[in-house]
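With compact mmCIF, N, CA, C and O atoms inside, this is structure.txt:
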```txt
# COMPACT_ATOMS: atom_id res chain seq x y z
N MET A 1 33.79 -39.27 34.59
CA MET A 1 34.80 -38.22 34.56
C MET A 1 34.20 -36.87 34.94
O MET A 1 34.83 -35.86 34.72
N THR A 2 33.00 -36.88 35.52
CA THR A 2 32.37 -35.64 35.93
C THR A 2 33.26 -34.89 36.92
O THR A 2 33.77 -35.49 37.86
N LYS A 3 33.49 -33.63 36.69
CA LYS A 3 34.31 -32.75 37.52
C LYS A 3 35.78 -33.18 37.58
O LYS A 3 36.50 -32.77 38.49
N ALA A 4 36.23 -34.00 36.66
CA ALA A 4 37.62 -34.45 36.68
C ALA A 4 38.31 -34.19 35.34
O ALA A 4 39.37 -34.71 35.08
N ARG A 5 37.71 -33.40 34.48
CA ARG A 5 38.27 -33.17 33.15
C ARG A 5 39.66 -32.52 33.23
O ARG A 5 40.54 -32.87 32.47
N LYS A 6 39.84 -31.61 34.15
CA LYS A 6 41.13 -30.92 34.27
C LYS A 6 42.22 -31.89 34.77
O LYS A 6 43.34 -31.86 34.29
N LYS A 7 41.88 -32.74 35.74
CA LYS A 7 42.84 -33.71 36.27
C LYS A 7 43.24 -34.73 35.23
O LYS A 7 44.36 -35.21 35.22
N LEU A 8 42.29 -35.11 34.36
CA LEU A 8 42.52 -36.21 33.43
C LEU A 8 42.80 -35.73 32.00
O LEU A 8 42.37 -36.35 31.04
N THR A 9 43.52 -34.61 31.87
CA THR A 9 43.92 -34.14 30.55
C THR A 9 45.43 -34.03 30.50
O THR A 9 46.10 -33.87 31.52
N LYS A 10 45.97 -34.14 29.31
CA LYS A 10 47.41 -34.00 29.12
C LYS A 10 47.67 -33.38 27.77
O LYS A 10 46.78 -33.36 26.91
N GLU A 11 48.86 -32.91 27.58
CA GLU A 11 49.22 -32.29 26.31
C GLU A 11 49.28 -33.31 25.20
O GLU A 11 49.54 -34.50 25.44
N ARG A 12 49.06 -32.86 23.99
CA ARG A 12 49.09 -33.74 22.83
C ARG A 12 50.49 -34.31 22.64
O ARG A 12 51.49 -33.60 22.80
N GLY A 13 50.58 -35.58 22.35
CA GLY A 13 51.86 -36.24 22.11
C GLY A 13 52.49 -36.84 23.34
O GLY A 13 53.52 -37.50 23.26
N GLU A 14 51.91 -36.60 24.52
CA GLU A 14 52.45 -37.19 25.74
C GLU A 14 51.82 -38.56 25.92
O GLU A 14 50.62 -38.68 26.12
N GLY A 15 52.63 -39.59 25.86
CA GLY A 15 52.11 -40.95 26.01
C GLY A 15 52.68 -41.62 27.23
O GLY A 15 53.36 -41.01 28.05
N VAL A 16 52.43 -42.91 27.34
CA VAL A 16 52.94 -43.70 28.45
C VAL A 16 54.30 -44.26 28.06
O VAL A 16 54.45 -44.85 27.00
N THR A 17 55.29 -44.07 28.92
CA THR A 17 56.60 -44.63 28.64
C THR A 17 56.59 -46.11 29.00
O THR A 17 55.82 -46.56 29.84
N VAL A 18 57.45 -46.87 28.33
CA VAL A 18 57.51 -48.31 28.57
C VAL A 18 57.93 -48.60 30.00
O VAL A 18 57.38 -49.49 30.65
N SER A 19 58.87 -47.82 30.53
CA SER A 19 59.34 -48.07 31.89
C SER A 19 58.22 -47.84 32.91
O SER A 19 58.16 -48.53 33.93
N ARG A 20 57.33 -46.90 32.63
CA ARG A 20 56.23 -46.65 33.56
C ARG A 20 55.17 -47.75 33.45
O ARG A 20 54.61 -48.18 34.45
N ALA A 21 54.92 -48.23 32.23
CA ALA A 21 53.93 -49.28 32.03
C ALA A 21 54.41 -50.62 32.59
O ALA A 21 53.61 -51.42 33.05
N MET A 22 55.70 -50.87 32.54
CA MET A 22 56.26 -52.13 33.00
C MET A 22 56.82 -52.02 34.42
O MET A 22 57.59 -52.87 34.85
N GLY A 23 56.45 -50.95 35.13
CA GLY A 23 56.99 -50.70 36.47
C GLY A 23 56.78 -51.85 37.43
O GLY A 23 55.72 -52.45 37.46
N GLU A 24 57.80 -52.17 38.18
CA GLU A 24 57.74 -53.22 39.21
C GLU A 24 57.86 -52.55 40.57
O GLU A 24 58.73 -51.71 40.78
N PHE A 25 56.98 -52.94 41.47
CA PHE A 25 56.99 -52.39 42.82
C PHE A 25 57.06 -53.53 43.82
O PHE A 25 56.44 -54.57 43.63
N LEU A 26 57.81 -53.32 44.89
CA LEU A 26 57.95 -54.33 45.92
C LEU A 26 56.90 -54.12 47.01
O LEU A 26 56.42 -53.00 47.21
N GLU A 27 56.56 -55.19 47.70
CA GLU A 27 55.60 -55.10 48.79
C GLU A 27 56.18 -54.22 49.90
O GLU A 27 57.34 -54.35 50.27
N GLY A 28 55.39 -53.29 50.41
CA GLY A 28 55.84 -52.38 51.45
C GLY A 28 56.41 -51.08 50.91
O GLY A 28 56.69 -50.16 51.68
N GLU A 29 56.54 -50.96 49.60
CA GLU A 29 57.08 -49.75 48.98
C GLU A 29 56.02 -48.65 48.95
O GLU A 29 54.84 -48.92 48.71
N ARG A 30 56.44 -47.40 49.20
CA ARG A 30 55.50 -46.27 49.17
C ARG A 30 55.39 -45.75 47.74
O ARG A 30 56.40 -45.57 47.07
N VAL A 31 54.16 -45.48 47.31
CA VAL A 31 53.91 -45.00 45.94
C VAL A 31 52.91 -43.85 45.96
O VAL A 31 52.14 -43.69 46.90
N ILE A 32 52.96 -43.04 44.90
CA ILE A 32 52.01 -41.94 44.71
C ILE A 32 51.04 -42.37 43.63
O ILE A 32 51.44 -42.89 42.59
N LEU A 33 49.75 -42.16 43.85
CA LEU A 33 48.73 -42.48 42.85
C LEU A 33 48.63 -41.31 41.90
O LEU A 33 48.11 -40.25 42.25
N ARG A 34 49.20 -41.45 40.72
CA ARG A 34 49.20 -40.40 39.71
C ARG A 34 48.49 -40.95 38.48
O ARG A 34 49.04 -41.77 37.75
N ILE A 35 47.26 -40.54 38.24
CA ILE A 35 46.44 -41.09 37.16
C ILE A 35 47.03 -40.73 35.81
O ILE A 35 47.34 -39.57 35.54
N GLU A 36 47.17 -41.74 34.96
CA GLU A 36 47.64 -41.58 33.58
C GLU A 36 46.40 -41.52 32.70
O GLU A 36 45.73 -42.54 32.48
N PRO A 37 46.04 -40.33 32.16
CA PRO A 37 44.80 -40.18 31.41
C PRO A 37 44.71 -41.02 30.14
O PRO A 37 43.62 -41.37 29.71
N SER A 38 45.84 -41.37 29.54
CA SER A 38 45.80 -42.11 28.28
C SER A 38 45.51 -43.60 28.49
O SER A 38 45.29 -44.32 27.53
N VAL A 39 45.49 -44.06 29.75
CA VAL A 39 45.19 -45.46 30.05
C VAL A 39 43.93 -45.47 30.92
O VAL A 39 43.95 -45.03 32.06
N GLN A 40 42.82 -45.99 30.35
CA GLN A 40 41.56 -45.98 31.08
C GLN A 40 41.43 -47.19 32.01
O GLN A 40 40.77 -47.11 33.03
N LYS A 41 42.04 -48.30 31.65
CA LYS A 41 41.92 -49.51 32.47
C LYS A 41 42.75 -49.38 33.75
O LYS A 41 43.84 -48.83 33.73
N GLY A 42 42.22 -49.92 34.82
CA GLY A 42 42.97 -50.04 36.07
C GLY A 42 43.31 -48.73 36.74
O GLY A 42 44.25 -48.66 37.51
N ARG A 43 42.53 -47.70 36.47
CA ARG A 43 42.83 -46.43 37.13
C ARG A 43 41.92 -46.23 38.33
O ARG A 43 40.78 -46.70 38.34
N PRO A 44 42.42 -45.56 39.35
CA PRO A 44 41.59 -45.32 40.54
C PRO A 44 40.62 -44.18 40.31
O PRO A 44 40.71 -43.46 39.31
N HIS A 45 39.72 -43.99 41.24
CA HIS A 45 38.79 -42.86 41.18
C HIS A 45 39.59 -41.56 41.28
O HIS A 45 40.60 -41.50 42.01
N PRO A 46 39.19 -40.51 40.56
CA PRO A 46 39.94 -39.25 40.59
C PRO A 46 40.13 -38.64 41.98
O PRO A 46 41.05 -37.86 42.19
N ARG A 47 39.29 -39.02 42.97
CA ARG A 47 39.47 -38.46 44.31
C ARG A 47 40.78 -38.91 44.94
O ARG A 47 41.26 -38.30 45.88
N TYR A 48 41.36 -40.01 44.44
CA TYR A 48 42.61 -40.52 44.99
C TYR A 48 43.84 -39.97 44.28
O TYR A 48 44.96 -40.35 44.61
N GLN A 49 43.68 -39.06 43.33
CA GLN A 49 44.80 -38.46 42.60
C GLN A 49 45.74 -37.78 43.57
O GLN A 49 45.34 -36.96 44.40
N GLY A 50 47.01 -38.14 43.52
CA GLY A 50 48.03 -37.51 44.35
C GLY A 50 48.20 -38.12 45.73
O GLY A 50 49.08 -37.70 46.49
N ARG A 51 47.40 -39.11 46.10
CA ARG A 51 47.52 -39.73 47.42
C ARG A 51 48.74 -40.63 47.47
O ARG A 51 49.17 -41.19 46.48
N VAL A 52 49.28 -40.78 48.66
CA VAL A 52 50.42 -41.67 48.89
C VAL A 52 49.91 -42.92 49.58
O VAL A 52 49.12 -42.84 50.52
N GLY A 53 50.35 -44.07 49.09
CA GLY A 53 49.93 -45.33 49.67
C GLY A 53 51.08 -46.31 49.76
O GLY A 53 52.20 -46.01 49.37
N VAL A 54 50.77 -47.49 50.28
CA VAL A 54 51.77 -48.55 50.45
C VAL A 54 51.33 -49.77 49.65
O VAL A 54 50.17 -50.18 49.74
N VAL A 55 52.24 -50.34 48.87
CA VAL A 55 51.93 -51.54 48.09
C VAL A 55 51.82 -52.71 49.04
O VAL A 55 52.72 -52.98 49.84
N ARG A 56 50.68 -53.42 49.00
CA ARG A 56 50.45 -54.56 49.89
C ARG A 56 50.46 -55.90 49.18
O ARG A 56 50.53 -56.94 49.82
N GLY A 57 50.38 -55.90 47.86
CA GLY A 57 50.39 -57.17 47.14
C GLY A 57 50.22 -56.94 45.65
O GLY A 57 50.17 -55.81 45.18
N LYS A 58 50.13 -58.05 44.92
CA LYS A 58 49.99 -57.98 43.48
C LYS A 58 48.86 -58.89 43.04
O LYS A 58 48.67 -59.97 43.60
N ARG A 59 48.07 -58.44 42.06
CA ARG A 59 46.98 -59.23 41.48
C ARG A 59 47.15 -59.20 39.98
O ARG A 59 46.78 -58.21 39.32
N GLY A 60 47.71 -60.25 39.44
CA GLY A 60 47.99 -60.28 38.01
C GLY A 60 49.02 -59.22 37.68
O GLY A 60 50.12 -59.23 38.21
N ARG A 61 48.64 -58.27 36.83
CA ARG A 61 49.55 -57.17 36.48
C ARG A 61 49.34 -55.96 37.39
O ARG A 61 50.17 -55.05 37.44
N ALA A 62 48.23 -55.94 38.13
CA ALA A 62 47.89 -54.80 38.98
C ALA A 62 48.45 -54.97 40.40
O ALA A 62 48.87 -56.06 40.78
N TYR A 63 48.43 -53.87 41.14
CA TYR A 63 48.92 -53.86 42.52
C TYR A 63 47.81 -53.47 43.47
O TYR A 63 46.97 -52.64 43.15
N GLU A 64 47.85 -54.05 44.67
CA GLU A 64 46.95 -53.65 45.75
C GLU A 64 47.67 -52.59 46.56
O GLU A 64 48.75 -52.84 47.10
N VAL A 65 47.09 -51.41 46.62
CA VAL A 65 47.70 -50.29 47.33
C VAL A 65 46.78 -49.89 48.47
O VAL A 65 45.58 -49.71 48.28
N GLU A 66 47.35 -49.74 49.65
CA GLU A 66 46.60 -49.35 50.84
C GLU A 66 46.77 -47.86 51.07
O GLU A 66 47.90 -47.37 51.15
N ILE A 67 45.66 -47.13 51.15
CA ILE A 67 45.71 -45.69 51.39
C ILE A 67 44.77 -45.35 52.54
O ILE A 67 43.92 -46.15 52.90
N THR A 68 44.94 -44.16 53.12
CA THR A 68 44.01 -43.70 54.15
C THR A 68 43.12 -42.65 53.52
O THR A 68 43.59 -41.77 52.80
N ASP A 69 41.83 -42.76 53.80
CA ASP A 69 40.85 -41.83 53.25
C ASP A 69 39.90 -41.44 54.37
O ASP A 69 39.04 -42.22 54.76
N GLY A 70 40.09 -40.26 54.89
CA GLY A 70 39.22 -39.80 55.97
C GLY A 70 39.36 -40.61 57.24
O GLY A 70 38.38 -40.85 57.93
N GLY A 71 40.56 -41.08 57.55
CA GLY A 71 40.78 -41.85 58.76
C GLY A 71 40.55 -43.34 58.59
O GLY A 71 40.77 -44.11 59.52
N LYS A 72 40.07 -43.77 57.42
CA LYS A 72 39.85 -45.19 57.17
C LYS A 72 40.92 -45.71 56.22
O LYS A 72 41.37 -44.99 55.33
N ILE A 73 41.29 -46.95 56.39
CA ILE A 73 42.25 -47.58 55.49
C ILE A 73 41.48 -48.25 54.37
O ILE A 73 40.55 -49.02 54.62
N LYS A 74 41.85 -47.93 53.13
CA LYS A 74 41.17 -48.50 51.96
C LYS A 74 42.19 -49.20 51.08
O LYS A 74 43.35 -48.80 51.01
N LYS A 75 41.73 -50.26 50.40
CA LYS A 75 42.57 -51.00 49.48
C LYS A 75 42.10 -50.70 48.06
O LYS A 75 40.93 -50.87 47.75
N VAL A 76 43.02 -50.23 47.22
CA VAL A 76 42.71 -49.87 45.85
C VAL A 76 43.56 -50.75 44.94
O VAL A 76 44.74 -50.94 45.19
N ILE A 77 42.96 -51.28 43.88
CA ILE A 77 43.68 -52.13 42.93
C ILE A 77 43.97 -51.29 41.69
O ILE A 77 43.04 -50.80 41.04
N ILE A 78 45.26 -51.10 41.39
CA ILE A 78 45.69 -50.15 40.36
C ILE A 78 46.75 -50.77 39.46
O ILE A 78 47.63 -51.51 39.94
N LEU A 79 46.72 -50.42 38.17
CA LEU A 79 47.77 -50.84 37.25
C LEU A 79 49.01 -49.97 37.46
O LEU A 79 48.90 -48.82 37.91
N PRO A 80 50.20 -50.48 37.11
CA PRO A 80 51.44 -49.73 37.38
C PRO A 80 51.56 -48.41 36.61
O PRO A 80 52.33 -47.55 37.01
N GLU A 81 50.80 -48.23 35.52
CA GLU A 81 50.85 -46.96 34.78
C GLU A 81 50.40 -45.79 35.64
O GLU A 81 50.78 -44.65 35.38
N HIS A 82 49.60 -46.06 36.66
CA HIS A 82 49.04 -45.00 37.50
C HIS A 82 49.80 -44.85 38.82
O HIS A 82 49.31 -44.16 39.72
N LEU A 83 50.95 -45.49 38.95
CA LEU A 83 51.75 -45.42 40.18
C LEU A 83 53.12 -44.83 39.91
O LEU A 83 53.73 -45.07 38.88
N VAL A 84 53.61 -44.06 40.88
CA VAL A 84 54.96 -43.46 40.81
C VAL A 84 55.61 -43.65 42.16
O VAL A 84 54.96 -43.46 43.20
N ARG A 85 56.88 -44.05 42.19
CA ARG A 85 57.60 -44.21 43.45
C ARG A 85 57.75 -42.88 44.17
O ARG A 85 57.95 -41.85 43.54
N VAL A 86 57.67 -42.91 45.48
CA VAL A 86 57.90 -41.70 46.28
C VAL A 86 59.38 -41.37 46.17
O VAL A 86 60.24 -42.22 46.33
N GLY A 87 59.67 -40.11 45.87
CA GLY A 87 61.06 -39.67 45.73
C GLY A 87 61.59 -39.75 44.30
O GLY A 87 62.73 -39.43 44.05
N SER A 88 60.76 -40.16 43.35
CA SER A 88 61.20 -40.23 41.95
C SER A 88 60.71 -39.03 41.18
O SER A 88 59.70 -38.52 41.34
```

How does this structure look as structure tokens?
Amino acid sequence: MTKARKKLTKERGEGVTVSRAMGEFLEGERVILRIEPSVQKGRPHPRYQGRVGVVRGKRGRAYEVEITDGGKIKKVIILPEHLVRVGS
């Protein structure tokens, strides 16, 4: 969490909602990587905070999200607590 303390903090009493934890995403859907600080498992590296990607598949409860990073396409495996639909 070096140099990411500000990104990974939230106000007291703010938790994960059930709808966000149980979120279902379809393949090809665009999502925003929004790190949920209260859930340490399945979170991406803080450098990907706020990036927009495309859901390419599912692995257990997690999703494979394809993002571009410096002109390269990367695949990141993330839990649904850290994903938000574009336009929501």

>> At a cut-off of 6 Å, using all atoms listed in the file, what residues contact A:Glu64? Leave out same-chain residues fewer than 4 positions from it and give the result as a ChimeraX atom specification.
In response: /A:54-59,76-78

>> Taking the DSSP secondary structure from the backbone, can you list the residues of chain A that are helix (DSSP H, G or I), as number ranges by chain?
In response: A: 18-21, 46-48, 80-82

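Candidate residues A:Arg51, A:Arg61, A:Lys74, A:Arg5 were compared for distance to A:Gly23, and the nearest is A:Arg61, using only N, CA, C and O atoms.
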
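Note that atom CA of A:Ser38 and atom O of A:Val18 are 13.9 Å apart.
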
If you count only N, CA, C and O atoms, which residues fall within 4.5 Å of A:Gly53, apart from same-chain ones fewer than 5 positions away, as a JSON list (two decimals) with N, CA, C and O atoms, keeping the file's coordinate frame?
```
[["chain", "number", "residue", "atom", "x", "y", "z"],
["A", 29, "GLU", "N", 56.54, -50.96, 49.60],
["A", 29, "GLU", "CA", 57.08, -49.75, 48.98],
["A", 29, "GLU", "C", 56.02, -48.65, 48.95],
["A", 29, "GLU", "O", 54.84, -48.92, 48.71],
["A", 30, "ARG", "N", 56.44, -47.40, 49.20],
["A", 30, "ARG", "CA", 55.50, -46.27, 49.17],
["A", 30, "ARG", "C", 55.39, -45.75, 47.74],
["A", 30, "ARG", "O", 56.40, -45.57, 47.07],
["A", 31, "VAL", "N", 54.16, -45.48, 47.31],
["A", 31, "VAL", "CA", 53.91, -45.00, 45.94],
["A", 31, "VAL", "C", 52.91, -43.85, 45.96],
["A", 31, "VAL", "O", 52.14, -43.69, 46.90],
["A", 66, "GLU", "N", 47.35, -49.74, 49.65],
["A", 66, "GLU", "CA", 46.60, -49.35, 50.84],
["A", 66, "GLU", "C", 46.77, -47.86, 51.07],
["A", 66, "GLU", "O", 47.90, -47.37, 51.15]]
```

> In Å, with one decimal, what is the gap from atom O of A:Ile35 to atom CA of A:Lys7?
Replying inline: 7.4 Å

>> Quick one: residues within 9 Å of A:Ile32, only C-alpha atoms, excluding same-chain residues fewer than 4 positions away - as JSON, numbers by chain?
In response: {"A": [49, 50, 51, 52, 53, 54, 82, 83, 84, 85, 86]}

> Taking the backbone alone, and naming residues the way the document does, which bits of stretch 11-74 of chain A are strand (DSSP E or B) by DSSP, as a ChimeraX atom specification?
Replying inline: /A:30-33,52-59,62-69,72-74
